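*Asks:* Handing you a structure now.
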Amino acid sequence: ASPKHFSILKSLNNAQARAVSSDAATVAILAGPGSGKTHTLTSRVVWLVDCMGFRPEDVIVATFTVRAAHEMKERIGKALKGGRENKIVLGTFHSIARRYLSAYGRHIGLSQKFGIADDADSRAVIARICKRLQLAIDPPAARAWISKKKAKGTEAGLAASTRKQPAKPTAGQQELETCYKEYQDHLDRSNLLDYDDLLVRCVELLRKFPSCVSNIQTVLIDEYQDTNGVQYELMRLLAQKQGRITIVGDPDQSIYGWRSAEIRNLWRLLRDFPGTDEISLEENYRSSQSILDLSLLVIQQDKKRYQKLLKPVHNKGTRPVLRKLKSASAEAEWIVSEIRRALLMSGAMLNNGDVAILLRSAAISRHVESALGKAGVGYKMVGGFKFYDRTEIKTILDYLRVIHQPENNDALARIMNVPKRGIGDGTIKALVEEAEKSSLSLWSLLTKHCRGDRAAKTRITKQAEQKISGELLRLLNGVRKRVTEASESTPFGLVEMIEHLLTALNFRKVLQDTQPDDHEQRWANVQEFISLAADFVRDLQQSGDDALPEIEGLQQTVEDDVLPRFLANVALAADAQKGEDGQESKPLVTISTIHAAKGLEWPIVFVPAVYNGSIPHMRSEDGDEERRLLYVAMTRAQCLLYLSYPVYSSMGNGERNELSPFVAPLDSCFAKKGPCFDRPVVGQIAQILQRKLAPDETVFKNLPPMFSMEDNIFPIDPDEAQKHDAGKPSGGGDGDQQTDEYPRLKRPR
Ligand code: ATP
Ligand code: MG
């Protein structure tokens with residue numbers, strides 16, 4: 001083997017190396033968490049490019065979240081020299097589809113300037129339609145139905161034929177059809193594609209114009225267990241020329257059933273691609289043995305699952321903790337106190353970014369946030385907690401969206417009276433309706449109004465009219481004009497545009513007037529948004545344009561505007577946050593939903609609210625999926641894992657929570673108090689994380705500011721601290737008679 005081969009293979013075990021260098025056209029790696037699936041997949045990409053001579057632009061890599069895509073790109077970039085990772089078509093299925101649609105969409109009649117309706121947009125539109133037409137259907141259910149319906153036409157035979165069809169259209173179904181039609185009309189009028197459309201239209205494109213992907217040599221997919229029928233079809237079409245596919249996945253971690261992800265796609269792949277090289281990986285490199293053992297006990301409660309072997313490579317480590325607390329706020333305080341204890345005791349070997357708090361639903365983050373805030377512990381929120389959903393950010397985004405697409409009625413309606421222009425909600429509603437009736441965009445209608453067109457029916461006050469034409473339309477038209485006139489010498493880029501908007505709207509003053517309580521925080525968010533935009537522009541400059549390689553005989557639209565790409569990025573990257581990469585800006589704690597934590601790992605993981613009704617969630621219909629969700633959460637932990645739940649529900653109605661049925665049978669396997677950080681334990685942690693243990697005297701160096709020496713919650717001497725903590729049950733348990741000692745662990749071998 002050449003040195004290149006060697007440098008790729010040296011970090012892999014035998015099975016991984018076999019997967020990386022397999023000659024088979026289709027390779028499927030099914031293996032448990034932490035077994036190096038993602039590591040193997042990235043290594044295979046490097047192998048194919050560096051050793052097999054594939055051009056990076058002929059390789060497609062699909063991941064499941066935007067964060068995973070970032071991470072993977074970074075890892076590949078480290079191995080491939082010369083920035084070649086930027087040429088790989090790498091991203092989520094949605095972002096890959098968007099790239100193809102913006103390059104070739106016009107061949108299937110898409111307007112070049114389509115925008116993307118994100119989840120929230122779709123939900124809002126459907127809710128509005130249901131209300132307006134007084135449809136007796138539940139908007140979220142209608143949304144799910146529409147989504148399935150859109151997918152139907154594209155799926156390969158199997159899934160469609162095995163799915164039960166309702167025999168006759170029922171009354172409810174008629175209403176659903178109406179809602180669907182209205183919804184689609186609305187999207188078409190506003191020139192928007194929703195998430196489903198992105199995939200479905202891309203399938204349509206690749207079916208009609210297979211030459212779009214005639215250059216593609218191979219497609220690689222991470223987290224395959226969560227692909228749905230349309231994504232499967234998309235994968236098949238992307239790989240249609242060469243049929244080379246590598247997938248990695250774990251059926252035990254399938255947690256997107258509610259988005260129609262189907263485990264069945266695994267068996268479908270094996271059927272559609274005979275001769276697939278199936279490889280299993282059996283060593284877990286992530287977690288301590290006790291964490292892995294307990295996680296496996298949880299997932300093994302599911303008797304129907306596809307059995308796989310998974311054994312730890314690390315030492316036993318400390319037993320995971322299960323803690324019962326009085327209330328959600330006591331639970332949050334306990335978490336914070338355990339974080340501090342772990343940090344104090346771990347010999348300063350832990351770094352920022354090492355702690356995660358993983359939540360079943362974003363809704364319960366309040367207590368945790370407030371406890372961390374009170375203690376001055378830095379944290380960031382990802383997944384489900386959408387930065388871009390904050391009002392002040394949404395307003396700026398809406399301005400940008402209208403600049404990009406004046407026909408976006410929703411966005412225009414939202415900003416018409418922000419800042420206040422004396423236009424009431426009733427007037428806005430009437431204008432929207434008038435626009436819809438006359439098949440005009442709201443933009444054209446307003447323009448007509450302001451020209452004093454008599455045909456415009458809705459009456460708006462003279463003053464409002466002046467505000468609209470004098471302020472709003474003028475501002476937006478002015479910006480659009482500047483965009484077209486921008487040149488090398490007078491640039492008007494994305495950041496300039498945002499700053500121009502903020503000045504013209506006097507946005508800081510607007511926040512002060514309308515949000516007197518927290519305008520400073522909101523303005524800080526706006527600043528954050530500007531720097532996100534600046535980062536985006538810089539990344540784009542570094543990675544070059546994302547045009548796809550030239551295909552002979554098929555014209556490509558090259559998108560050279562930054563604005564639409566930024567907006568698409570925002571729409572598809574609701575989970576992206578600043579501070580992902582920059583070490584300095586990384587806070588100690590990450591708060592994330594379990595769904596968004598998929599594929600990631602942390603030295604210390606807390607999973608609060610493990611009670612019946614939270615996990616499994618009361619609204620979930622699939623108990624097995626809820627169990628898998630808990631399994632995903634637990635298997636994120638490398639060294640320390642803490643589960644907890646409040647006994648009394650936070651509703652204040654005195655109702656008691658029961659421990660989750662997934663955990664209850666294993667109650668005795670958990671420790672009931674936080675681990676005792678004696679030298680051996682700290683040594684084991686260091687071993688798993690492969691970090692150096694600081695000598696004793698440096699224990700208090702490098703601690704975050706919250707651990708200033710004046711902080712005397714804990715005595716300074718670590719031994720004292722242990723005694724102190726052992727004597728004082730933190731957080732206050734509800735008659736929590738725990739007399740057991742800290743679990744003492746055997747010394748490491
Ligand atoms: P998940 O199912 O949670 O996505 P995964 O199977 O994708 O997990 P990875 O994230 O690729 O697992 O790897 C888990 C950890 O193990 C990573 O820190 C990775 O660097 C490490 N790892 C993987 N393979 C090896 C190996 N052969 N030697 C040492 N460490 C490894
Ligand atoms: Mg992975």
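Labels for the structure tokens follow display order: chains A, B, ..., residues from 1 in each chain, ligands from 1.
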Might you pull out every residue within 9 Å of Val402 in chain A, with only C-alpha atoms counted and same-chain residues fewer than 6 positions away left off, and present them as JSON, numbers by chain?
*Replies:* {"A": [408, 409, 411, 412, 443, 476]}
*Asks:* Among range 97-193 of chain A, which residues does DSSP mark as helix (DSSP H, G or I) when it is run on the backbone? Keep the chain and numbering as in the structure and answer as a PyMOL selection string.
*Replies:* chain A and resi 97-108+119-132+139-152+157-162+171-189
*Asks:* Can you tell me which residues come within 10 Å of ligand 2 when counting only C-alpha atoms and all ligand atoms, ideally as JSON, numbers by chain?
*Replies:* {"A": [31, 32, 33, 34, 35, 36, 37, 38, 39, 40, 41, 63, 64, 68, 72, 222, 223, 224, 248, 249, 250, 598, 599, 600, 601]}
*Asks:* How would the residues just chosen look if you wrote them out with C-alpha atoms as a compact mmCIF listing (two decimals), in the first residue's frame?
*Replies:*
```
# COMPACT_ATOMS: atom_id res chain seq x y z
CA ALA A 31 -23.76 -1.05 13.34
CA GLY A 32 -24.47 0.35 16.77
CA PRO A 33 -23.77 3.80 18.18
CA GLY A 34 -20.17 4.86 18.61
CA SER A 35 -18.84 2.07 16.43
CA GLY A 36 -17.26 4.52 14.02
CA LYS A 37 -19.83 4.49 11.23
CA THR A 38 -19.47 8.18 10.52
CA HIS A 39 -15.71 7.93 10.92
CA THR A 40 -15.69 5.08 8.40
CA LEU A 41 -17.90 6.95 5.97
CA THR A 63 -26.08 13.64 6.07
CA PHE A 64 -29.04 14.25 8.26
CA ALA A 68 -23.44 16.87 10.93
CA MET A 72 -18.15 15.93 8.18
CA ASP A 222 -24.93 8.73 6.87
CA GLU A 223 -27.78 7.96 9.33
CA TYR A 224 -29.47 5.94 6.64
CA VAL A 248 -24.23 3.58 7.11
CA GLY A 249 -26.93 3.35 9.71
CA ASP A 250 -28.36 1.79 12.81
CA LYS A 598 -27.99 12.39 16.73
CA GLY A 599 -24.52 11.30 15.69
CA LEU A 600 -22.76 13.55 18.21
CA GLU A 601 -20.96 12.78 21.46
```
*Asks:* Enter the distance from CA of Ile685 in chain A to atom 16 (O, counted along the ligand's line) of ligand 1, in Å, rounded to one decimal.
*Replies:*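 Pair CA of Ile685 in chain A / atom 16 (O, counted along the ligand's line) of ligand 1 returns 14.9 Å.
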*Asks:* Taking only C-alpha atoms and all ligand atoms into account, which of A:Trp602, A:Tyr285, A:Trp334, A:Phe662 comes nearest ligand 1?
*Replies:*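 Going through A:Trp602, A:Tyr285, A:Trp334, A:Phe662 one by one, the smallest distance to ligand 1 is for A:Tyr285.
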*Asks:* Mind listing the strand (DSSP E or B) residues of range 468-669 of chain A, per DSSP on the backbone, as a count of residues only?
*Replies:* 29
*Asks:* Calculated over only C-alpha atoms and all ligand atoms, which of the candidates A:Tyr399, A:Phe492, A:Tyr631, A:Trp47 has the smallest distance to ligand 1?
*Replies:*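 Residue with the minimum atom-to-atom distance to ligand 1: A:Tyr631.
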*Asks:* Rank A:Leu30, A:Leu554, A:Ile615, A:Val321 by their smallest atom-to-atom distance to Asp667 in chain A, using only C-alpha atoms, and report the top residue only.
*Replies:* A:Val321
*Asks:* Pick from A:Ile551, A:Leu234, A:Leu281, A:Leu475: nearest to ligand 1, with only C-alpha atoms and all ligand atoms counted?
*Replies:*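 When distances to ligand 1 are compared using only C-alpha atoms and all ligand atoms, the smallest one comes from A:Leu281.
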